[in-house]
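To be precise, the following lines are entry27.tsv, and they hold TSV, C-alpha atoms.
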```
chain	number	residue	atom	x	y	z
A	323	MET	CA	42.49	-41.75	114.03
A	324	ARG	CA	45.70	-40.60	115.66
A	325	VAL	CA	48.80	-42.69	115.35
A	326	MET	CA	50.03	-44.36	118.52
A	327	SER	CA	53.80	-44.34	118.90
A	328	GLU	CA	55.91	-46.14	121.40
A	329	ILE	CA	57.99	-43.67	123.35
A	330	LYS	CA	59.91	-45.08	126.29
A	331	ASP	CA	59.53	-48.08	128.59
A	332	GLY	CA	56.65	-49.53	126.52
A	333	MET	CA	54.48	-46.44	127.01
A	334	PHE	CA	52.52	-45.07	124.08
A	335	SER	CA	51.76	-41.52	123.04
A	336	GLU	CA	49.37	-40.13	120.44
A	337	ARG	CA	51.17	-38.48	117.55
A	338	LEU	CA	49.49	-35.70	115.68
A	339	ARG	CA	49.14	-36.29	111.96
A	340	VAL	CA	50.17	-33.56	109.50
A	341	LEU	CA	49.23	-33.53	105.83
A	342	VAL	CA	51.85	-31.69	103.75
A	343	VAL	CA	50.64	-30.62	100.30
A	344	ASP	CA	53.22	-29.25	97.86
A	345	ASP	CA	53.93	-30.03	94.20
A	346	GLU	CA	57.68	-29.87	94.84
A	347	PRO	CA	58.94	-33.33	95.93
A	348	ALA	CA	61.98	-31.80	97.68
A	349	ILE	CA	59.78	-29.67	99.93
A	350	CYS	CA	57.61	-32.69	100.78
A	351	ARG	CA	60.74	-34.67	101.69
A	352	VAL	CA	62.29	-31.91	103.81
A	353	LEU	CA	59.05	-31.24	105.68
A	354	THR	CA	58.48	-34.96	106.22
A	355	ILE	CA	61.92	-35.28	107.82
A	356	ALA	CA	61.63	-32.09	109.91
A	357	LEU	CA	58.08	-32.73	111.14
A	358	THR	CA	58.81	-36.39	111.89
A	359	ARG	CA	61.85	-35.35	113.95
A	360	ALA	CA	59.57	-32.88	115.76
A	361	GLY	CA	57.34	-35.82	116.71
A	362	TYR	CA	54.58	-35.70	114.10
A	363	ASP	CA	53.26	-38.41	111.83
A	364	VAL	CA	53.42	-37.02	108.28
A	365	VAL	CA	51.57	-37.87	105.10
A	366	THR	CA	52.23	-35.98	101.86
A	367	ALA	CA	50.41	-35.17	98.65
A	368	GLN	CA	51.91	-33.49	95.60
A	369	SER	CA	48.63	-32.25	94.12
A	370	GLY	CA	45.31	-30.84	95.21
A	371	ASP	CA	43.55	-33.99	94.01
A	372	GLY	CA	46.05	-36.09	95.96
A	373	ALA	CA	45.36	-34.08	99.12
A	374	LEU	CA	41.61	-34.51	98.74
A	375	SER	CA	42.12	-38.22	98.18
A	376	VAL	CA	44.10	-38.48	101.43
A	377	LEU	CA	41.43	-36.51	103.28
A	378	SER	CA	38.69	-38.81	101.99
A	379	THR	CA	40.30	-41.85	103.60
A	380	GLU	CA	42.51	-40.65	106.46
A	381	HIS	CA	42.33	-38.38	109.50
A	382	VAL	CA	44.81	-35.50	109.72
A	383	ASP	CA	45.10	-33.03	112.57
A	384	VAL	CA	46.91	-30.26	110.67
A	385	MET	CA	47.30	-29.40	107.00
A	386	VAL	CA	50.36	-27.55	105.66
A	387	ILE	CA	49.59	-26.53	102.09
A	388	ASP	CA	51.23	-24.59	99.28
A	389	LEU	CA	49.02	-21.87	97.86
A	390	LEU	CA	50.13	-22.48	94.27
A	391	ILE	CA	49.51	-26.07	93.25
A	392	PRO	CA	49.19	-26.68	89.49
A	393	ASP	CA	45.98	-28.76	89.47
A	394	THR	CA	43.97	-27.01	92.21
A	395	ARG	CA	44.97	-23.87	94.11
A	396	GLY	CA	45.68	-24.38	97.80
A	397	ASP	CA	42.87	-22.07	98.92
A	398	VAL	CA	40.36	-24.16	96.93
A	399	VAL	CA	41.67	-27.39	98.47
A	400	PHE	CA	41.46	-25.68	101.88
A	401	GLU	CA	37.78	-24.76	101.43
A	402	ILE	CA	36.85	-28.29	100.32
A	403	ALA	CA	38.89	-29.84	103.14
A	404	ALA	CA	37.39	-27.52	105.77
A	405	ALA	CA	33.87	-28.34	104.57
A	406	THR	CA	34.39	-32.04	105.29
A	407	HIS	CA	36.92	-31.67	108.16
A	408	PRO	CA	35.86	-28.52	110.06
A	409	HIS	CA	38.86	-28.60	112.43
A	410	LEU	CA	41.12	-27.86	109.43
A	411	ARG	CA	39.54	-24.40	109.13
A	412	HIS	CA	41.62	-23.50	112.22
A	413	GLN	CA	44.45	-25.99	111.81
A	414	THR	CA	45.87	-25.18	108.38
A	415	LEU	CA	49.10	-23.40	107.51
A	416	PHE	CA	49.72	-21.96	104.05
A	417	MET	CA	53.18	-21.78	102.49
A	418	THR	CA	53.88	-19.72	99.42
A	419	GLY	CA	56.60	-18.07	97.44
A	420	ASP	CA	54.02	-15.82	95.77
A	421	ILE	CA	54.46	-12.29	97.10
A	422	SER	CA	51.61	-10.78	95.12
A	423	GLU	CA	48.74	-8.84	96.66
A	424	ARG	CA	46.37	-11.47	95.22
A	425	ALA	CA	48.14	-14.24	97.14
A	426	ASP	CA	47.95	-12.22	100.35
A	427	LYS	CA	44.20	-11.68	99.83
A	428	LEU	CA	43.60	-15.39	99.16
A	429	ILE	CA	45.39	-16.41	102.34
A	430	LEU	CA	43.76	-13.66	104.41
A	431	SER	CA	40.32	-14.76	103.21
A	432	CYS	CA	41.02	-18.23	104.61
A	433	LYS	CA	42.01	-16.71	107.99
A	434	CYS	CA	44.96	-19.07	108.32
A	435	PRO	CA	48.57	-18.39	109.20
A	436	SER	CA	51.17	-18.46	106.45
A	437	VAL	CA	54.91	-18.68	105.94
A	438	ARG	CA	56.80	-17.34	102.95
A	439	LYS	CA	59.13	-19.56	100.97
A	440	PRO	CA	61.96	-19.87	101.63
A	441	PHE	CA	61.17	-20.35	105.31
A	442	GLU	CA	63.05	-21.51	108.36
A	443	LEU	CA	62.05	-25.04	109.39
A	444	LYS	CA	62.00	-23.99	113.04
A	445	GLU	CA	59.48	-21.23	112.20
A	446	LEU	CA	57.21	-23.63	110.31
A	447	ILE	CA	57.30	-26.23	113.08
A	448	GLY	CA	56.50	-23.53	115.64
A	449	VAL	CA	53.43	-22.47	113.66
A	450	VAL	CA	52.29	-26.10	113.32
A	451	GLN	CA	52.61	-26.51	117.10
A	452	ALA	CA	50.59	-23.32	117.66
A	453	LEU	CA	47.77	-24.62	115.45
A	454	VAL	CA	46.81	-27.26	117.99
A	455	PRO	CA	46.81	-25.30	121.28
A	456	HIS	CA	43.87	-27.22	122.67
A	457	LEU	CA	46.19	-30.16	123.27
A	458	GLY	CA	48.53	-28.09	125.42
A	459	ARG	CA	51.56	-30.14	124.41
A	460	ASP	CA	53.80	-30.72	121.45
A	461	ALA	CA	53.62	-33.81	119.26
A	462	ARG	CA	55.97	-35.72	121.55
A	463	GLY	CA	53.64	-35.27	124.50
A	464	GLN	CA	55.83	-32.69	126.26
A	465	SER	CA	54.25	-29.68	127.90
A	466	ALA	CA	54.51	-26.59	125.80
```

Conversion result in structure tokens:
Amino acid sequence: MRVMSEIKDGMFSERLRVLVVDDEPAICRVLTIALTRAGYDVVTAQSGDGALSVLSTEHVDVMVIDLLIPDTRGDVVFEIAAATHPHLRHQTLFMTGDISERADKLILSCKCPSVRKPFELKELIGVVQALVPHLGRDARGQSA
């Protein structure tokens, strides 16, 4: 279920919902602020189990997930999420500070885009927007 937001003159627009999964509270806060300002509805989880809990009860259009989460690795959460929400197989963005070859292989096996920490917020938002090209507009309803 997409969130309806009032924009101007009593008109409503559908806002895309982004699930941000990162064990660092500061990253969750920053991404919530940045993505909300970009016109998205944002829900966060600070663990793999928390993300799966959100996905069991709520619809999300895009998932932005850290690869290294202490309780469950991001690629494992991704596979479980994509099994129950197939659109997330093509609408997930990985973030990681891990520069190892193993991390690269894990992300490549998921066939999802990724950004390296530290990243530019503008870059991350651009990738999120590119993950939902079938809508042909950004989260605020403006033509891309």

Next item on the list: For CA of Leu353 (chain A) and CA of Thr418 (chain A), determine how far apart the two atoms are, in Å to one decimal place.
Entry: 14.1 Å

Margin query: Please compute the CA of Thr414 (chain A)-CA of Ala367 (chain A) distance, one decimal, in Å.
Written below: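 Separating CA of Thr414 (chain A) from CA of Ala367 (chain A) is a distance of 14.7 Å.
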
Check: What is the CA of Asp420 (chain A)-CA of Gly361 (chain A) distance in Å, reported with one decimal?
Finding: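 Rounded to one decimal, the two atoms are 29.1 Å apart.
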
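If you count all atoms listed in the file and ignore residues fewer than 5 places along the chain from region 383-385 of chain A, what sits within 9 Å of it is Arg324, Leu338, Arg339, Val340, Leu341, Val342, Val343, Phe400, His409, Leu410, His412, Gln413, Thr414, Leu415, Phe416, Val450, Leu453 and Val454 of chain A.
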
Item checked: Top pick for closest residue to Ile391 (chain A), considering A:Ser436, A:Ser422, A:Gln368, A:Gln451 and counting only C-alpha atoms ->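 Between A:Ser436, A:Ser422, A:Gln368, A:Gln451, the residue approaching Ile391 (chain A) most closely is A:Gln368.
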
Next item on the list: Pick out the residues sitting within 12 Å of Gly370 (chain A), and hand them over as a ChimeraX atom specification; count only C-alpha atoms, and ignore anything fewer than 6 positions along from it in its own chain.
Entry: /A:341-345,376-377,387-403

Check: For Leu374 (chain A), which residue out of A:Leu428, A:Ile447, A:Ala405, A:Ala452 is the nearest one, using all atoms listed in the file?
Finding: A:Ala405
